[in-house]
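See below for work15.txt, which holds compact mmCIF, C-alpha atoms.
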# COMPACT_ATOMS: atom_id res chain seq x y z
CA MET A 1 142.75 -326.78 46.48
CA GLN A 2 141.97 -324.32 49.27
CA ASP A 3 145.53 -324.59 50.63
CA PHE A 4 146.82 -324.12 47.15
CA MET A 5 144.87 -320.88 46.83
CA GLU A 6 146.30 -319.60 50.07
CA ASN A 7 149.83 -320.40 49.00
CA MET A 8 149.33 -318.70 45.67
CA ALA A 9 147.95 -315.52 47.23
CA VAL A 10 144.79 -315.78 45.16
CA LYS A 11 141.87 -313.94 46.66
CA LYS A 12 139.31 -316.43 47.80
CA ASN A 13 136.30 -314.99 46.06
CA ILE A 14 138.07 -314.68 42.72
CA LYS A 15 135.78 -314.34 39.72
CA ILE A 16 136.85 -316.36 36.69
CA ALA A 17 134.88 -315.76 33.49
CA VAL A 18 134.94 -318.47 30.83
CA LEU A 19 134.20 -317.17 27.35
CA SER A 20 134.77 -318.21 23.77
CA GLY A 21 133.26 -316.12 21.00
CA LYS A 22 132.14 -319.13 19.01
CA GLY A 23 129.52 -321.39 20.57
CA GLY A 24 130.24 -325.05 21.19
CA THR A 25 133.94 -324.71 21.98
CA GLY A 26 133.62 -325.91 25.57
CA LYS A 27 132.70 -322.98 27.83
CA THR A 28 130.24 -325.03 29.83
CA LEU A 29 132.51 -328.10 29.86
CA LEU A 30 135.31 -326.02 31.35
CA SER A 31 133.36 -323.85 33.75
CA VAL A 32 131.27 -326.75 35.09
CA ASN A 33 134.28 -328.99 35.60
CA LEU A 34 136.45 -326.24 37.07
CA ALA A 35 133.69 -325.28 39.52
CA ALA A 36 133.20 -328.96 40.41
CA VAL A 37 136.89 -329.60 40.96
CA ALA A 38 137.24 -326.44 43.06
CA SER A 39 134.36 -327.94 45.14
CA ASP A 40 133.45 -325.16 47.56
CA SER A 41 132.67 -322.81 44.68
CA ILE A 42 129.96 -320.85 42.89
CA TYR A 43 128.98 -321.61 39.31
CA VAL A 44 127.01 -318.92 37.44
CA ASP A 45 125.40 -319.67 34.09
CA CYS A 46 125.15 -316.30 32.32
CA ASP A 47 123.93 -317.82 29.07
CA VAL A 48 120.39 -316.82 29.96
CA GLU A 49 119.09 -317.43 26.45
CA GLU A 50 120.03 -321.09 26.56
CA PRO A 51 121.25 -322.06 30.02
CA ASN A 52 122.60 -325.61 30.25
CA GLY A 53 125.02 -325.74 33.21
CA HIS A 54 122.22 -326.90 35.52
CA LEU A 55 121.74 -329.98 33.34
CA PHE A 56 125.16 -331.13 34.57
CA PHE A 57 124.90 -330.04 38.18
CA LYS A 58 121.26 -331.10 38.59
CA PRO A 59 120.80 -328.91 41.66
CA GLU A 60 117.62 -328.78 43.68
CA TRP A 61 116.59 -325.17 43.33
CA ASP A 62 116.07 -323.55 46.72
CA MET A 63 115.58 -320.04 45.38
CA GLU A 64 113.63 -318.64 42.46
CA LYS A 65 113.23 -314.95 41.73
CA PRO A 66 111.53 -313.19 38.83
CA VAL A 67 113.46 -310.44 37.06
CA SER A 68 111.59 -307.38 35.87
CA VAL A 69 112.45 -304.35 33.82
CA ILE A 70 110.72 -301.01 33.57
CA ILE A 71 108.97 -300.10 30.36
CA PRO A 72 106.88 -297.06 29.49
CA GLU A 73 103.10 -296.94 29.52
CA VAL A 74 101.41 -294.02 27.77
CA ASN A 75 98.85 -291.80 29.37
CA GLN A 76 97.14 -290.83 26.11
CA SER A 77 95.19 -287.99 27.72
CA ILE A 78 98.42 -286.23 28.68
CA CYS A 79 100.53 -287.02 25.57
CA ASP A 80 100.33 -284.15 23.07
CA GLY A 81 102.25 -285.92 20.31
CA CYS A 82 105.47 -283.91 20.45
CA ARG A 83 107.34 -287.12 19.48
CA LYS A 84 110.43 -286.30 21.52
CA CYS A 85 110.41 -289.88 22.84
CA VAL A 86 109.91 -291.35 19.34
CA GLU A 87 112.93 -289.43 18.06
CA PHE A 88 114.98 -290.28 21.13
CA CYS A 89 114.46 -294.05 21.13
CA ASN A 90 117.45 -295.70 19.51
CA PHE A 91 115.63 -299.02 19.36
CA ASN A 92 112.55 -297.54 17.64
CA ALA A 93 110.27 -298.97 20.31
CA LEU A 94 107.87 -296.03 20.04
CA ALA A 95 105.72 -294.82 17.16
CA TYR A 96 103.16 -292.03 16.91
CA ILE A 97 100.22 -293.15 14.79
CA ASN A 98 96.75 -291.65 14.38
CA ASN A 99 97.40 -289.19 17.20
CA LYS A 100 98.34 -291.97 19.57
CA LEU A 101 101.69 -292.98 20.98
CA LYS A 102 102.27 -296.73 20.63
CA VAL A 103 104.84 -298.69 22.65
CA PHE A 104 106.40 -301.86 21.22
CA GLU A 105 107.12 -303.66 24.47
CA ASP A 106 109.26 -306.42 22.95
CA ILE A 107 111.53 -303.90 21.26
CA CYS A 108 112.01 -301.69 24.34
CA HIS A 109 115.44 -302.11 25.98
CA SER A 110 114.35 -300.34 29.19
CA CYS A 111 116.94 -297.59 28.89
CA GLY A 112 114.51 -295.16 30.53
CA GLY A 113 115.35 -292.35 28.10
CA CYS A 114 111.74 -291.73 27.06
CA PHE A 115 110.77 -290.89 30.66
CA LEU A 116 113.52 -288.28 30.75
CA VAL A 117 112.75 -286.58 27.44
CA CYS A 118 108.95 -286.42 27.85
CA PRO A 119 108.19 -282.77 28.69
CA LEU A 120 104.70 -283.60 30.01
CA ASN A 121 105.41 -286.71 32.09
CA ALA A 122 102.93 -288.56 29.93
CA LEU A 123 104.79 -291.85 30.42
CA THR A 124 104.45 -293.92 33.53
CA LYS A 125 106.73 -296.74 34.62
CA LYS A 126 105.41 -300.25 34.25
CA ASP A 127 107.08 -303.44 35.46
CA LYS A 128 107.52 -306.22 32.95
CA CYS A 129 108.81 -309.66 33.92
CA ILE A 130 111.46 -310.83 31.43
CA GLY A 131 112.68 -314.02 33.11
CA ASN A 132 113.78 -315.73 36.32
CA VAL A 133 116.90 -316.57 38.26
CA PHE A 134 117.35 -319.80 40.22
CA SER A 135 119.83 -321.00 42.77
CA GLY A 136 120.56 -324.40 44.23
CA ASN A 137 123.23 -326.69 45.61
CA SER A 138 125.15 -329.49 43.93
CA GLU A 139 127.68 -331.35 46.07
CA GLY A 140 129.10 -328.18 47.56
CA VAL A 141 128.84 -326.11 44.39
CA ARG A 142 126.34 -323.25 44.58
CA VAL A 143 124.67 -323.16 41.16
CA LEU A 144 123.10 -319.94 39.87
CA SER A 145 121.20 -319.94 36.64
CA GLY A 146 118.89 -317.54 34.86
CA ILE A 147 116.50 -317.87 31.99
CA MET A 148 115.09 -315.17 29.78
CA ASN A 149 111.53 -315.41 28.47
CA THR A 150 111.31 -316.02 24.73
CA GLY A 151 111.31 -312.90 22.59
CA GLU A 152 112.67 -310.43 25.14
CA ALA A 153 115.04 -307.73 23.94
CA SER A 154 117.98 -308.26 26.26
CA GLY A 155 119.20 -310.68 28.92
CA ILE A 156 121.37 -308.09 30.63
CA PRO A 157 119.04 -307.43 33.61
CA ILE A 158 118.98 -311.20 34.30
CA ILE A 159 122.79 -311.43 34.13
CA ASP A 160 122.97 -308.42 36.46
CA GLU A 161 120.66 -310.15 38.93
CA LEU A 162 122.71 -313.37 38.75
CA LEU A 163 125.96 -311.55 39.45
CA SER A 164 124.45 -309.59 42.32
CA GLN A 165 123.08 -312.85 43.76
CA CYS A 166 126.72 -314.07 43.86
CA GLU A 167 127.49 -311.23 46.23
CA LEU A 168 125.00 -312.69 48.71
CA PHE A 169 127.31 -315.64 49.26
CA GLU A 170 130.04 -314.04 51.27
CA GLU A 171 131.74 -317.31 51.86
CA ASP A 172 134.96 -316.54 50.05
CA ARG A 173 134.27 -319.04 47.35
CA PRO A 174 135.78 -318.90 43.88
CA ILE A 175 133.18 -317.90 41.28
CA PHE A 176 133.08 -319.43 37.81
CA ILE A 177 131.13 -317.43 35.27
CA ASP A 178 129.91 -319.41 32.25
CA CYS A 179 129.47 -316.64 29.65
CA PRO A 180 127.09 -316.53 26.70
CA PRO A 181 128.65 -317.10 23.29
CA GLY A 182 129.65 -314.16 21.12
CA SER A 183 131.25 -310.87 22.09
CA SER A 184 128.22 -308.59 22.39
CA CYS A 185 126.91 -306.62 25.36
CA ILE A 186 125.62 -309.70 27.21
CA VAL A 187 129.20 -311.03 27.24
CA MET A 188 130.56 -307.65 28.34
CA GLU A 189 128.06 -307.66 31.21
CA SER A 190 129.16 -311.16 32.20
CA ILE A 191 132.89 -310.35 32.33
CA LYS A 192 132.81 -306.78 33.61
CA ASP A 193 133.58 -307.70 37.22
CA ALA A 194 135.72 -310.75 36.47
CA ASP A 195 139.24 -310.94 37.86
CA PHE A 196 140.37 -313.27 35.12
CA CYS A 197 139.10 -314.30 31.70
CA LEU A 198 139.65 -317.82 30.46
CA LEU A 199 139.24 -318.02 26.70
CA VAL A 200 138.22 -321.38 25.30
CA ALA A 201 138.89 -321.95 21.63
CA GLU A 202 138.59 -324.75 19.16
CA PRO A 203 141.27 -325.13 16.51
CA THR A 204 139.22 -324.25 13.42
CA ILE A 205 139.26 -321.25 11.08
CA PHE A 206 135.77 -320.26 12.23
CA GLY A 207 136.92 -320.74 15.81
CA ARG A 208 139.87 -318.42 15.21
CA HIS A 209 137.68 -315.72 13.68
CA ASN A 210 135.45 -315.53 16.74
CA PHE A 211 138.38 -316.01 19.09
CA GLU A 212 140.00 -312.88 17.67
CA MET A 213 136.84 -310.90 18.42
CA VAL A 214 136.56 -312.13 21.97
CA TYR A 215 140.27 -311.59 22.57
CA GLU A 216 139.84 -308.01 21.40
CA LEU A 217 137.03 -307.66 23.93
CA VAL A 218 139.04 -308.86 26.93
CA LYS A 219 141.90 -306.57 25.86
CA LEU A 220 139.45 -303.68 25.71
CA PHE A 221 138.34 -304.51 29.25
CA ASN A 222 141.97 -304.84 30.26
CA LYS A 223 141.33 -308.26 31.80
CA PRO A 224 144.09 -310.70 32.71
CA ASN A 225 143.51 -313.67 30.46
CA ALA A 226 144.81 -316.94 29.12
CA THR A 227 143.59 -319.51 26.65
CA VAL A 228 142.68 -323.18 26.61
CA ILE A 229 142.54 -324.93 23.26
CA ASN A 230 139.83 -327.55 23.39
CA LYS A 231 139.38 -330.48 21.00
CA SER A 232 143.03 -330.20 20.01
CA ILE A 233 144.11 -332.71 17.38
CA GLY A 234 147.68 -331.50 16.87
CA GLY A 235 149.06 -330.42 13.52
CA ASP A 236 148.39 -326.94 12.13
CA ASP A 237 146.38 -325.06 14.70
CA PRO A 238 144.98 -321.65 13.70
CA ILE A 239 144.39 -320.74 17.36
CA GLU A 240 147.93 -321.58 18.41
CA THR A 241 149.31 -319.53 15.50
CA PHE A 242 147.21 -316.54 16.57
CA CYS A 243 148.18 -316.93 20.24
CA ASN A 244 151.85 -317.04 19.30
CA GLU A 245 151.48 -313.94 17.13
CA LYS A 246 149.81 -312.00 19.93
CA GLY A 247 151.71 -313.45 22.86
CA ILE A 248 148.60 -314.98 24.41
CA LYS A 249 149.36 -317.62 26.99
CA ILE A 250 148.02 -321.09 26.23
CA LEU A 251 147.35 -322.78 29.57
CA ASP A 252 146.34 -326.14 28.21
CA LYS A 253 145.51 -328.08 25.11
CA MET A 254 142.70 -330.49 25.80
CA PRO A 255 142.78 -333.39 23.39
CA PHE A 256 139.85 -334.32 21.20
CA ASP A 257 138.58 -337.03 23.51
CA ALA A 258 135.60 -339.25 22.74
CA GLU A 259 135.23 -340.34 26.38
CA LEU A 260 135.04 -336.76 27.61
CA GLY A 261 132.56 -336.00 24.85
CA THR A 262 130.40 -338.96 25.80
CA LEU A 263 130.34 -337.97 29.48
CA SER A 264 129.27 -334.46 28.49
CA SER A 265 126.61 -335.73 26.10
CA ASN A 266 125.19 -337.73 29.00
CA ALA A 267 125.15 -334.58 31.13
CA GLU A 268 127.75 -336.03 33.49
CA ILE A 269 130.41 -333.91 35.16
CA ALA A 270 133.69 -335.51 34.06
CA VAL A 271 135.64 -334.67 37.22
CA ARG A 272 132.99 -336.40 39.33
CA GLN A 273 133.09 -339.52 37.21
CA ASN A 274 136.71 -340.17 36.46
CA GLU A 275 139.92 -339.55 38.38
CA LYS A 276 141.76 -338.91 35.12
CA TYR A 277 139.60 -335.87 34.41
CA ARG A 278 139.72 -334.74 38.03
CA GLU A 279 143.48 -334.51 37.63
CA LEU A 280 143.22 -332.80 34.26
CA PHE A 281 140.90 -330.03 35.49
CA SER A 282 142.60 -329.78 38.85
CA SER A 283 145.88 -329.08 37.12
CA LEU A 284 144.19 -326.55 34.83
CA LEU A 285 142.70 -324.80 37.86
CA GLU A 286 146.13 -324.61 39.47
CA LYS A 287 147.50 -323.04 36.31
CA ILE A 288 144.68 -320.48 36.34
CA TYR A 289 145.34 -319.61 39.98
CA GLY A 290 149.02 -319.38 39.11
CA GLU A 291 148.22 -316.85 36.37
CA VAL A 292 146.02 -314.83 38.69
CA SER A 293 148.63 -314.80 41.39
CA ASN A 294 151.29 -313.62 38.89
CA GLU A 295 148.92 -310.86 37.82
CA THR A 296 148.39 -309.86 41.45
CA ALA A 297 152.13 -309.81 42.07
CA ALA A 298 152.73 -307.77 38.92
CA TYR A 299 150.01 -305.35 39.99
CA THR A 300 151.49 -304.94 43.47
CA GLU A 301 154.93 -304.23 42.00
CA ARG A 302 153.55 -301.46 39.79
CA MET B 303 95.27 -291.55 -3.47
CA LYS B 304 98.85 -291.66 -2.22
CA ILE B 305 100.72 -294.95 -2.08
CA ALA B 306 104.18 -295.94 -0.82
CA ILE B 307 106.58 -298.51 -2.29
CA PRO B 308 110.05 -299.44 -0.96
CA ALA B 309 112.56 -298.64 -3.73
CA ASP B 310 116.18 -299.62 -4.36
CA ASP B 311 116.92 -296.25 -6.02
CA ASN B 312 115.41 -292.80 -5.87
CA ASN B 313 114.11 -292.71 -9.43
CA ILE B 314 110.95 -293.98 -11.05
CA ASP B 315 112.82 -296.61 -13.12
CA SER B 316 114.04 -298.30 -9.96
CA THR B 317 113.21 -301.79 -8.79
CA VAL B 318 111.10 -302.53 -5.72
CA CYS B 319 113.27 -303.17 -2.67
CA MET B 320 112.87 -306.66 -1.19
CA SER B 321 113.11 -305.30 2.34
CA PHE B 322 110.54 -302.97 3.82
CA GLY B 323 112.27 -301.84 7.02
CA ARG B 324 115.73 -301.45 5.55
CA THR B 325 114.87 -300.17 2.08
CA PRO B 326 117.06 -297.18 1.16
CA PHE B 327 114.12 -295.18 -0.27
CA PHE B 328 110.36 -294.99 -0.35
CA LEU B 329 108.50 -293.90 -3.44
CA ILE B 330 105.47 -291.83 -2.45
CA TYR B 331 103.23 -291.83 -5.49
CA ASP B 332 99.99 -289.96 -6.07
CA THR B 333 97.81 -292.11 -8.32
CA GLU B 334 95.60 -289.16 -9.30
CA THR B 335 98.27 -286.60 -10.24
CA ASP B 336 101.00 -289.19 -11.10
CA LYS B 337 103.37 -287.16 -8.98
CA ALA B 338 106.33 -289.15 -7.64
CA GLU B 339 108.38 -288.19 -4.63
CA PHE B 340 111.22 -290.16 -2.97
CA LEU B 341 111.88 -290.24 0.75
CA THR B 342 115.12 -291.45 2.28
CA ASN B 343 114.48 -294.21 4.79
CA SER B 344 116.35 -293.16 7.91
CA ALA B 345 115.52 -296.53 9.49
CA ALA B 346 117.79 -298.38 7.02
CA SER B 347 120.77 -298.15 9.35
CA SER B 348 118.87 -298.74 12.60
CA GLN B 349 120.29 -301.28 14.98
CA GLY B 350 116.84 -302.62 15.70
CA GLY B 351 113.20 -301.80 15.21
CA ALA B 352 113.81 -300.68 11.61
CA GLY B 353 110.33 -301.79 10.55
CA ILE B 354 108.66 -299.57 13.14
CA LYS B 355 110.70 -296.51 12.23
CA ALA B 356 110.23 -297.10 8.49
CA ALA B 357 106.49 -297.52 9.04
CA GLN B 358 106.44 -294.23 10.95
CA THR B 359 108.00 -292.50 7.91
CA VAL B 360 105.38 -294.01 5.60
CA VAL B 361 102.51 -293.12 7.95
CA ASP B 362 103.79 -289.54 8.23
CA ALA B 363 103.71 -289.28 4.43
CA LYS B 364 99.93 -289.70 4.76
CA VAL B 365 99.58 -292.51 2.25
CA SER B 366 96.51 -294.72 2.02
CA ALA B 367 98.26 -297.87 0.89
CA LEU B 368 101.63 -299.56 1.03
CA LEU B 369 102.86 -301.84 -1.77
CA THR B 370 105.62 -304.15 -0.56
CA PRO B 371 106.93 -307.65 -1.21
CA ARG B 372 107.18 -308.37 2.52
CA CYS B 373 106.30 -306.80 5.84
CA GLY B 374 107.13 -307.73 9.43
CA GLN B 375 104.72 -307.94 12.33
CA ASN B 376 105.72 -304.73 14.10
CA ALA B 377 105.47 -302.64 10.94
CA ALA B 378 102.15 -304.31 10.12
CA ASP B 379 100.89 -303.32 13.60
CA VAL B 380 101.75 -299.70 12.82
CA PHE B 381 99.86 -299.84 9.51
CA THR B 382 96.85 -301.48 11.11
CA ALA B 383 96.73 -298.74 13.73
CA ALA B 384 97.03 -296.15 10.96
CA ASN B 385 94.37 -297.82 8.77
CA ILE B 386 96.81 -298.19 5.88
CA ALA B 387 96.22 -301.19 3.60
CA ILE B 388 99.19 -303.38 2.65
CA TYR B 389 99.32 -304.86 -0.86
CA LYS B 390 101.79 -307.43 -2.13
CA THR B 391 103.96 -306.27 -5.03
CA GLU B 392 104.34 -308.39 -8.14
CA GLY B 393 107.29 -308.36 -10.49
CA THR B 394 110.30 -306.17 -9.88
CA SER B 395 109.78 -302.63 -11.16
CA LEU B 396 108.07 -299.69 -9.48
CA LYS B 397 106.29 -298.77 -12.71
CA GLU B 398 104.64 -302.15 -13.29
CA ASN B 399 103.42 -302.18 -9.68
CA ILE B 400 101.93 -298.70 -9.97
CA THR B 401 100.07 -299.83 -13.10
CA ALA B 402 98.97 -303.09 -11.50
CA PHE B 403 97.71 -301.21 -8.43
CA LYS B 404 95.78 -298.70 -10.53
CA GLU B 405 94.14 -301.59 -12.39
CA GLY B 406 93.26 -303.29 -9.10
CA ARG B 407 95.41 -306.34 -9.82
CA LEU B 408 97.41 -306.41 -6.58
CA ALA B 409 96.29 -308.62 -3.71
CA ILE B 410 96.29 -307.71 -0.03
CA LEU B 411 99.50 -308.95 1.62
CA GLY B 412 98.29 -311.93 3.61
CA GLU B 413 101.49 -313.24 5.06
CA ILE B 414 103.14 -311.13 7.73
CA HIS B 415 106.48 -312.51 8.89
CA ALA B 416 107.45 -312.52 12.54
CA GLY B 417 110.40 -310.28 11.87
CA PHE B 418 114.15 -310.73 11.81
CA HIS B 419 114.65 -308.80 15.03
CA GLY B 420 118.36 -308.85 15.58
CA LYS B 421 119.25 -310.98 18.55
CA HIS B 422 122.00 -309.82 20.88
CA GLY B 423 121.31 -306.36 19.55
CA GLY B 424 121.53 -304.61 22.89
Turn the structure described in the file into C-alpha cells.
Amino acid sequence: MQDFMENMAVKKNIKIAVLSGKGGTGKTLLSVNLAAVASDSIYVDCDVEEPNGHLFFKPEWDMEKPVSVIIPEVNQSICDGCRKCVEFCNFNALAYINNKLKVFEDICHSCGGCFLVCPLNALTKKDKCIGNVFSGNSEGVRVLSGIMNTGEASGIPIIDELLSQCELFEEDRPIFIDCPPGSSCIVMESIKDADFCLLVAEPTIFGRHNFEMVYELVKLFNKPNATVINKSIGGDDPIETFCNEKGIKILDKMPFDAELGTLSSNAEIAVRQNEKYRELFSSLLEKIYGEVSNETAAYTER
Amino acid sequence: MKIAIPADDNNIDSTVCMSFGRTPFFLIYDTETDKAEFLTNSAASSQGGAGIKAAQTVVDAKVSALLTPRCGQNAADVFTAANIAIYKTEGTSLKENITAFKEGRLAILGEIHAGFHGKHGG
C-alpha cells in the first residue's frame, strides 16, 4: 500500500474524513477497516458523544488527557448588573436575577464573548473539564478517541484536541477521520482540515435525505469527495439516482452482507479476519488514493 | 399580585401555550386590578437556552407567580433564585386559569422536566 501511495503521488499524511449524515450507514465500518488495511495509519474517532471505533481496535491506551474549556465565573461584588453579557450571550447561558448574575455552566459554549463585553471585568475565567482524549496502538494503527462528559454543550474542543494530537505523529501516516453523524458544527470541525471526504450512504429514502445535507456541506467546504453506497441490494437506489443527478462519483457499492454484519456486531475488524474483506477494502483504498491523486493533478494543472 | 402565563395569542381569550420557553407571548396579569398586558417572548426563536431567556423576561416583569403547564430545570432554577412560585395550569384557557388561581385551586408545579436542550446545537 505504501508503494502504491508513492506511485499515485498521494501525500503520505493525507487526511480522509468519513462522513454520512444519517447514523448507522457504515462510517465506523469503513473508517476502521480502511485504517486497518492501510496498516501504518492513524484512526481518529471524532464521534465524541458515542465513540465506538476503539471497540474494534481494542488498543491499550498509552495516553489520556483531559480536555477543558473556559467558562465565566462572576465576581458579584464587581458586577453592577448592566446585563451587557446577558444580552450578548446567544446561548442564553447568563441571567440576571435578584441583583445577581447567574451562569448556567451546562449551557455555556465557551465563546468567551461575555469576558469581552463586560465593562467592569467582573467575570473571571474558570476551567471546566468536559471530557478526555485517549490514544493507543492496535497492530500498527494509532487509535485516537475522545469522549465528552454527559450533558456538555459541545464536543468541538474535544475534536479539536484529537485533531491536534494527530499532528504529534509526524510519521507520514494516512489519517482516517471517523466523523460524528449529522451535518452540524461537530461534523464541520471534523472535516475542516481533511484532504478528502468519503461519503457513506445507505440506499433508503431517509438515507438520501441526510446524504443530500452532508453532500451540501462538503460542497460548501469545497472538499474533494466521492461516495460509497453501503448495504446495497440492487434495484432502485435513491442514493445512486441522486449521485447521477449531481455527478457525484460512486467509488463502490458494498453489498448487504450478513457475514460482514456479523463480524461488525462481534466488534471484529473484517480486514483482519478474512482475506475477502482485506481485498475489498484494499481495493476501495486504492480507489480513494486514485481520486486524491487525480484531485492533486487537477489542482497542479490549474 | 402580578402573575405570568405563557399564551398562544396576545389576547385574553387565548389558550395557554404548552411550552414555557418557546411560547410566543406571556400574559402578565394583575389579579388586583384585573389589568392584562402581553409581552412578546423573544426567547421563542432562540437556538438554545430558551427557558432561561424566557424566565428572565418573566422575572423582569416583576411577577410573583408563574402559571404554566410545564417548566424545565434551567427556567425553574431562575424562578427559584427570584423567589417566584410556579403553579401548574389546568384546562386550556387563560381566563379559566386566572379564575382558578384567584380561587386558590391551582397546585404548585411539582414535576420539573430535565429540559429538551437541543443537542448538536453549537
For chain A versus chain B, which residues have an atom no more than 12 Å away, and what is each residue's nearest atom pair and distance in Å rounded to one decimal, using only C-alpha atoms, chain-then-number order, as JSON lines?
{"residue": "A:Asp47", "atom": "CA", "partner": "B:His422", "partner_atom": "CA", "distance": 11.6}
{"residue": "A:Val48", "atom": "CA", "partner": "B:His422", "partner_atom": "CA", "distance": 11.6}
{"residue": "A:Glu49", "atom": "CA", "partner": "B:His422", "partner_atom": "CA", "distance": 9.9}
{"residue": "A:Arg83", "atom": "CA", "partner": "B:Gln358", "partner_atom": "CA", "distance": 11.1}
{"residue": "A:Val86", "atom": "CA", "partner": "B:Lys355", "partner_atom": "CA", "distance": 8.8}
{"residue": "A:Glu87", "atom": "CA", "partner": "B:Lys355", "partner_atom": "CA", "distance": 9.4}
{"residue": "A:Phe88", "atom": "CA", "partner": "B:Lys355", "partner_atom": "CA", "distance": 11.7}
{"residue": "A:Cys89", "atom": "CA", "partner": "B:Gly351", "partner_atom": "CA", "distance": 9.8}
{"residue": "A:Asn90", "atom": "CA", "partner": "B:Ser348", "partner_atom": "CA", "distance": 7.7}
{"residue": "A:Phe91", "atom": "CA", "partner": "B:Gly350", "partner_atom": "CA", "distance": 5.3}
{"residue": "A:Asn92", "atom": "CA", "partner": "B:Gly351", "partner_atom": "CA", "distance": 4.9}
{"residue": "A:Ala93", "atom": "CA", "partner": "B:Gly351", "partner_atom": "CA", "distance": 6.5}
{"residue": "A:Leu94", "atom": "CA", "partner": "B:Ile354", "partner_atom": "CA", "distance": 7.8}
{"residue": "A:Ala95", "atom": "CA", "partner": "B:Gln358", "partner_atom": "CA", "distance": 6.3}
{"residue": "A:Tyr96", "atom": "CA", "partner": "B:Gln358", "partner_atom": "CA", "distance": 7.1}
{"residue": "A:Ile97", "atom": "CA", "partner": "B:Ala384", "partner_atom": "CA", "distance": 5.8}
{"residue": "A:Asn98", "atom": "CA", "partner": "B:Ala384", "partner_atom": "CA", "distance": 5.7}
{"residue": "A:Asn99", "atom": "CA", "partner": "B:Ala384", "partner_atom": "CA", "distance": 9.4}
{"residue": "A:Lys100", "atom": "CA", "partner": "B:Ala383", "partner_atom": "CA", "distance": 9.1}
{"residue": "A:Leu101", "atom": "CA", "partner": "B:Ala383", "partner_atom": "CA", "distance": 10.5}
{"residue": "A:Lys102", "atom": "CA", "partner": "B:Val380", "partner_atom": "CA", "distance": 8.4}
{"residue": "A:Val103", "atom": "CA", "partner": "B:Ile354", "partner_atom": "CA", "distance": 10.3}
{"residue": "A:Phe104", "atom": "CA", "partner": "B:Asn376", "partner_atom": "CA", "distance": 7.7}
{"residue": "A:Glu105", "atom": "CA", "partner": "B:Asn376", "partner_atom": "CA", "distance": 10.5}
{"residue": "A:Asp106", "atom": "CA", "partner": "B:Asn376", "partner_atom": "CA", "distance": 9.7}
{"residue": "A:Ile107", "atom": "CA", "partner": "B:Gly351", "partner_atom": "CA", "distance": 6.6}
{"residue": "A:Cys108", "atom": "CA", "partner": "B:Gly351", "partner_atom": "CA", "distance": 9.2}
{"residue": "A:His109", "atom": "CA", "partner": "B:Gly424", "partner_atom": "CA", "distance": 7.3}
{"residue": "A:Ser110", "atom": "CA", "partner": "B:Gly424", "partner_atom": "CA", "distance": 10.5}
{"residue": "A:Cys111", "atom": "CA", "partner": "B:Gly424", "partner_atom": "CA", "distance": 10.3}
{"residue": "A:Thr150", "atom": "CA", "partner": "B:Lys421", "partner_atom": "CA", "distance": 11.3}
{"residue": "A:Gly151", "atom": "CA", "partner": "B:Lys421", "partner_atom": "CA", "distance": 9.1}
{"residue": "A:Glu152", "atom": "CA", "partner": "B:Lys421", "partner_atom": "CA", "distance": 9.3}
{"residue": "A:Ala153", "atom": "CA", "partner": "B:Gly424", "partner_atom": "CA", "distance": 7.3}
{"residue": "A:Ser154", "atom": "CA", "partner": "B:Gly424", "partner_atom": "CA", "distance": 6.1}
{"residue": "A:Gly155", "atom": "CA", "partner": "B:His422", "partner_atom": "CA", "distance": 8.6}
{"residue": "A:Ile156", "atom": "CA", "partner": "B:Gly424", "partner_atom": "CA", "distance": 8.5}
{"residue": "A:Pro157", "atom": "CA", "partner": "B:Gly424", "partner_atom": "CA", "distance": 11.4}
{"residue": "A:Pro180", "atom": "CA", "partner": "B:His422", "partner_atom": "CA", "distance": 10.2}
{"residue": "A:Pro181", "atom": "CA", "partner": "B:His422", "partner_atom": "CA", "distance": 10.2}
{"residue": "A:Gly182", "atom": "CA", "partner": "B:His422", "partner_atom": "CA", "distance": 8.8}
{"residue": "A:Ser183", "atom": "CA", "partner": "B:His422", "partner_atom": "CA", "distance": 9.4}
{"residue": "A:Ser184", "atom": "CA", "partner": "B:His422", "partner_atom": "CA", "distance": 6.5}
{"residue": "A:Cys185", "atom": "CA", "partner": "B:Gly424", "partner_atom": "CA", "distance": 6.3}
{"residue": "A:Ile186", "atom": "CA", "partner": "B:His422", "partner_atom": "CA", "distance": 7.3}
{"residue": "A:Val187", "atom": "CA", "partner": "B:His422", "partner_atom": "CA", "distance": 9.7}
{"residue": "A:Met188", "atom": "CA", "partner": "B:Gly424", "partner_atom": "CA", "distance": 11.0}
{"residue": "A:Glu189", "atom": "CA", "partner": "B:Gly424", "partner_atom": "CA", "distance": 11.0}
- Message: List as a ChimeraX atom specification the protein and nucleic acid residues near Lys219 in chain A, meaning an atom at most 12 Å away when all atoms listed in the file are counted, but skip any in the same chain fewer than 2 places from it.
- Response: /A:188,191-192,196-197,199,212-217,221-226,246,248
- Task: In the coordinate frame of the file, compute which residues have an atom within 12 Å of (106.6, -287.7, -10.0) when using only C-alpha atoms, and state them as a PyMOL selection string.
- Result: chain B and resi 304+312-315+329-340+397+400
- Query: Using all atoms listed in the file, which residues sit within 12 Å of Leu198 in chain A once same-chain residues fewer than 2 positions away are excluded, as a ChimeraX atom specification?
  - Reply: /A:15-21,26-28,30-31,34,176-179,191,194-196,200-201,211,214-215,218,223-229,248-252,284-285,287-289,291-292
- Fewer than 2 positions away in the same chain doesn't count, so skip those; otherwise give me all residues within 10 Å of Gly393 in chain B, counting all atoms listed in the file, as a PyMOL selection string. chain B and resi 317-318+371+391+395-399+402
Store the residues picked out above in a file with C-alpha atoms, as an mmCIF file, in the frame of the given file.
data_model
loop_
_atom_site.group_PDB
_atom_site.id
_atom_site.type_symbol
_atom_site.label_atom_id
_atom_site.label_comp_id
_atom_site.auth_asym_id
_atom_site.auth_seq_id
_atom_site.Cartn_x
_atom_site.Cartn_y
_atom_site.Cartn_z
ATOM 1 C CA THR B 317 113.210 -301.790 -8.790
ATOM 2 C CA VAL B 318 111.100 -302.530 -5.720
ATOM 3 C CA PRO B 371 106.930 -307.650 -1.210
ATOM 4 C CA THR B 391 103.960 -306.270 -5.030
ATOM 5 C CA SER B 395 109.780 -302.630 -11.160
ATOM 6 C CA LEU B 396 108.070 -299.690 -9.480
ATOM 7 C CA LYS B 397 106.290 -298.770 -12.710
ATOM 8 C CA GLU B 398 104.640 -302.150 -13.290
ATOM 9 C CA ASN B 399 103.420 -302.180 -9.680
ATOM 10 C CA ALA B 402 98.970 -303.090 -11.500
#
